[in-house]
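Asker: Shown below is the structure under consideration.
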Amino acid sequence: MNAVELHRKLERNSGLLIFGILFVSAIGGLVQVLPSVLQDDLVTPGPGTQPYGPVELTGRDLYIREGCSTCHSQQVRPLLAEVRRYGPYSKAGESAYDRPFLWGSKRTGPDLHRIGGKYTDVWQRMHLLDPRTVVPDSIMPGYPWLGERAADADGSIQSKMRALRRLGHPYTDAEIEAAPAALAGLKEVDALVAYLQALRAPAVETTP
Amino acid sequence: MADGTIGERYHDRVVSWLTAFAMAWSILGMLAGVYVAAELVWPTIDFGREWLSYGRLRTLHTNGVIFGFGVSALMGTAFYSVQRTCHVPLFAPRLAWFCALAWQAGVLAGGVSLLAGWNGGKEYAELEWPFDIAIAVVWVCFAIVFFGTIAKRRIKPIYVSNWFYGGLIIVIAMLHIVNSLAMPVTLSKSYSLFAGAQDAIVQWWYGHNAVGFLLTGGFLGMLYYFLPKHAGRPIWSYRLSIVAFWAFTYSYIWAGPHHLHYNAVPEWVQSLGMVMSLVLLAPSWATMVNGVMTVAGAWEKLRTDPALKFIVLSLAFYGLATFEGPMMSIKSVNVVSHFTDWTIGHVHSGALGWNAMITFGAFYFLVPRLVGADLYSVRLANIHFWLALAGTMLYVLAMWGAGVSQGLLWLSLDEIGELSFSFKDIMASMAPYYALRFLAGLIFLGGALLMAFNLTMTGKGRRTVAVSPPAAGSSQP
């Protein structure tokens, strides 16, 4: 039976057509995506990569809420110019605790994967609340409301950490217990700054 | 077979409403797009308001045009064409109404949730888990109505357009369910079941194929029904449509990792993604050739018929975008284009030039037939055509200029190996391109507003006319 005849069978039987489409479209996913999802070393934390603490985790969720990744990537490609501009290139193990990943697809602003430590907390805070006070040409939006609201206004930090623990992030009971205290008194902008300052190449032990 | 057509009517009122909803979403979604384009020129016009902030409004734009405009248009035209190609009224018409209305309610509430900052963080899948579940439920109902109608058809072979609409329904269900798997924390927050590099691979398997099976495959369904109808000629090659359909359905799925070139995912995944993206050029252009050859011989209609003009132009942009895409998936090209506005230009040559134009063409055909009246103004439709073409061209050119300069300037090193330009200076040099893009968006939106006015006037004071399926035994779809 040639292919066109096979097709004639499918186009006369809706059940077979549904099955045919499902089968043909699933092959790519099964061969290409499934092995990657089963490949543990893609999500094995690299040396020096730790789960986010409560403050950084809160900051990261604010980064997602405000859609920062629509304009900022977190993925330094292994190219000379990128390593010069941003720092060491990104490795898979660094993103092991990233749910979702925030590598981004667009750089309207610069990459942020190595932004930690490049500016002071005070600069970051001013820049987030009103970018043009420190970068006059900036086209980034200001986020004044981050300076007004408590970082954990809905008190969800412990449920967040427990949810992540169910997904395999190694938080201890003591860490979850202590989380609300770590966030007490902080504004949203403080948590976001803490997250940005944590975005740096993991410290790797060097032999003397 | 007894003549079952006595008293039987096609369910077209639901189609009329979906058309109206799609038009409303096209205006709203494009308005949000024009606004965020303006924010990149005048960054303070969010006035310090959260819901006007770029990061939230841009998400509303993409979701509004893809899920509001795109899916409503696809659902409406699928309901319209599946009845006519099967010679039966819709299966479970009440369920069809449920799909249509629940989808609108979902997109509306989802849009509000995006402005409120509910964001799952995955591109084109930002809606949080309660919406993900709602989408899955409505989608299953859509499948029941569509395949139920096909199951009770009076014409034995299932027509080409239905293969593509069927592919849209099946594959999007698969992608959406897998990519949305998450651990809920609160009503507005969840964490992806996948982490890091694995999440990236799953997300772009979804993201690229949402483009593939929704924005390409779904709209090819529209093409295969409305183009032959409009040109008054059958599809040029039935055999080519078979080959193109299966090759398309098979190869699209592999192309996602070209969004992750030089990112921290395995090399073989990237290379395979690139090769399969190049392979994809064949079925894409096979379909374009089939479309163009179908119109060939009816060229004289192009002079008088604005709807056909839109459809033929959409084919040209389809050909352009499906050529540009594989080129951008080549790693040495991608090294320049990735992370730049070139990607945005590429997306819009597809979204404006292909998706929006073919939908406009379908609507100019559909609305006068649904209400049994002539188009209110052919002249306005012609003006719309030129605005749409000018807007798309200006948009794409501006983004090519912006994207190629960004890509090259970012990578530029001087003779001693230091960076030639600071990021800030490159960003500042984008201002004229961003201003042109805003203007382009405004022109395109202006055209869409003309269409909304024109079609509203066409349907004013009229009701959807009742159409019966042809008598049994008739073979004309």
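In the structure tokens, each chain is lettered A, B, ... as it comes, each chain's residues begin at 1, and ligands are numbered from 1 in order of appearance.
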I want to know what sits within 8 Å of segment 89-94 of chain A, based on only C-alpha atoms, with residues of the same chain fewer than 2 positions away left out; could you give that as number ranges by chain?
Answerer: A: 41-47, 49, 75-79, 82-83, 87, 96-97, 113, 201-202; B: 196-197, 263-265
Asker: Give one line per residue of chain B that approaches chain A to at most 6 Å, naming the two atoms of the closest pair and their distance in Å to one decimal, counting only C-alpha atoms; sort by chain then ascending residue number and deliver it as a tab-separated table.
Answerer:
```
residue	atom	partner	partner_atom	distance
B:Leu40	CA	A:Ile139	CA	5.9
B:Pro43	CA	A:Ile139	CA	5.1
B:Gly55	CA	A:Gly67	CA	4.2
B:Gly117	CA	A:Arg65	CA	5.0
B:Asn119	CA	A:Arg65	CA	5.5
B:Gly121	CA	A:Ile64	CA	5.4
B:Lys156	CA	A:Arg12	CA	5.7
B:Pro157	CA	A:Arg12	CA	4.8
B:Ile158	CA	A:Glu11	CA	5.1
B:Val185	CA	A:Lys160	CA	5.8
B:Tyr191	CA	A:Arg99	CA	5.5
B:Ser192	CA	A:Arg99	CA	5.1
B:Ala195	CA	A:Arg99	CA	5.0
B:Gly196	CA	A:Ser95	CA	4.4
B:Ala197	CA	A:Ala92	CA	5.8
B:Gln198	CA	A:Val37	CA	5.4
B:Thr249	CA	A:Ser25	CA	5.5
B:Tyr250	CA	A:Ser25	CA	5.2
B:Ile253	CA	A:Gly28	CA	5.4
B:Trp254	CA	A:Gly28	CA	5.1
B:Tyr262	CA	A:Arg77	CA	5.5
B:Asn263	CA	A:Arg77	CA	5.9
B:Ala264	CA	A:Ala92	CA	4.9
B:Phe339	CA	A:Lys106	CA	4.0
B:Thr340	CA	A:Lys106	CA	5.9
B:Leu411	CA	A:Ala81	CA	5.2
```
Asker: Of the candidates B:Ala435, B:Val465, B:Leu419, B:Leu181, which shows the shortest atom-to-atom distance to Ala38 of chain B, using only C-alpha atoms?
Answerer: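 Closest candidate: B:Ala435.
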Asker: So that I can check the surroundings of Ala356 of chain B, please list as an MDAnalysis selection string every protein, DNA and RNA residue that reaches within 12 Å of it, counting only C-alpha atoms and ignoring chain neighbours fewer than 5 positions away.
Answerer: chainID B and resid 22:23 25:27 29:30 65:66 69:71 73:74 215:216 219 222 310:311 313:315 317:318 347:351 361:363 385 388:389 391:392 444:445 447:448 451
Asker: Assign secondary structure with DSSP using the backbone only, and return the residues of segment 182-212 of chain B in strand (DSSP E or B) as a list of chain:residue names.
Answerer: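 Answer for segment 182-212 of chain B restricted to strand (DSSP E or B) is B:Ala182, B:Met183, B:Pro184, B:Val185, B:Thr186, B:Lys189, B:Ser190, B:Tyr191, B:Ser192.
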Asker: Just the number, please: distance in Å from atom CA of Ala173 of chain B to atom CA of Thr19 of chain B, one decimal.
Answerer: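 That distance, rounded to one decimal, is 22.6 Å.
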Asker: At what distance in Å, to one decimal, does atom CA of Gly53 of chain A lie from atom CA of Tyr195 of chain A?
Answerer: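 That distance, rounded to one decimal, is 9.3 Å.
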Asker: For Thr294 of chain B, please output as number ranges by chain all residues within 12 Å (counting only C-alpha atoms; exclusion window: fewer than 6 positions along the same chain).
Answerer: B: 223-238, 240-241, 287-288, 308, 311-312, 315
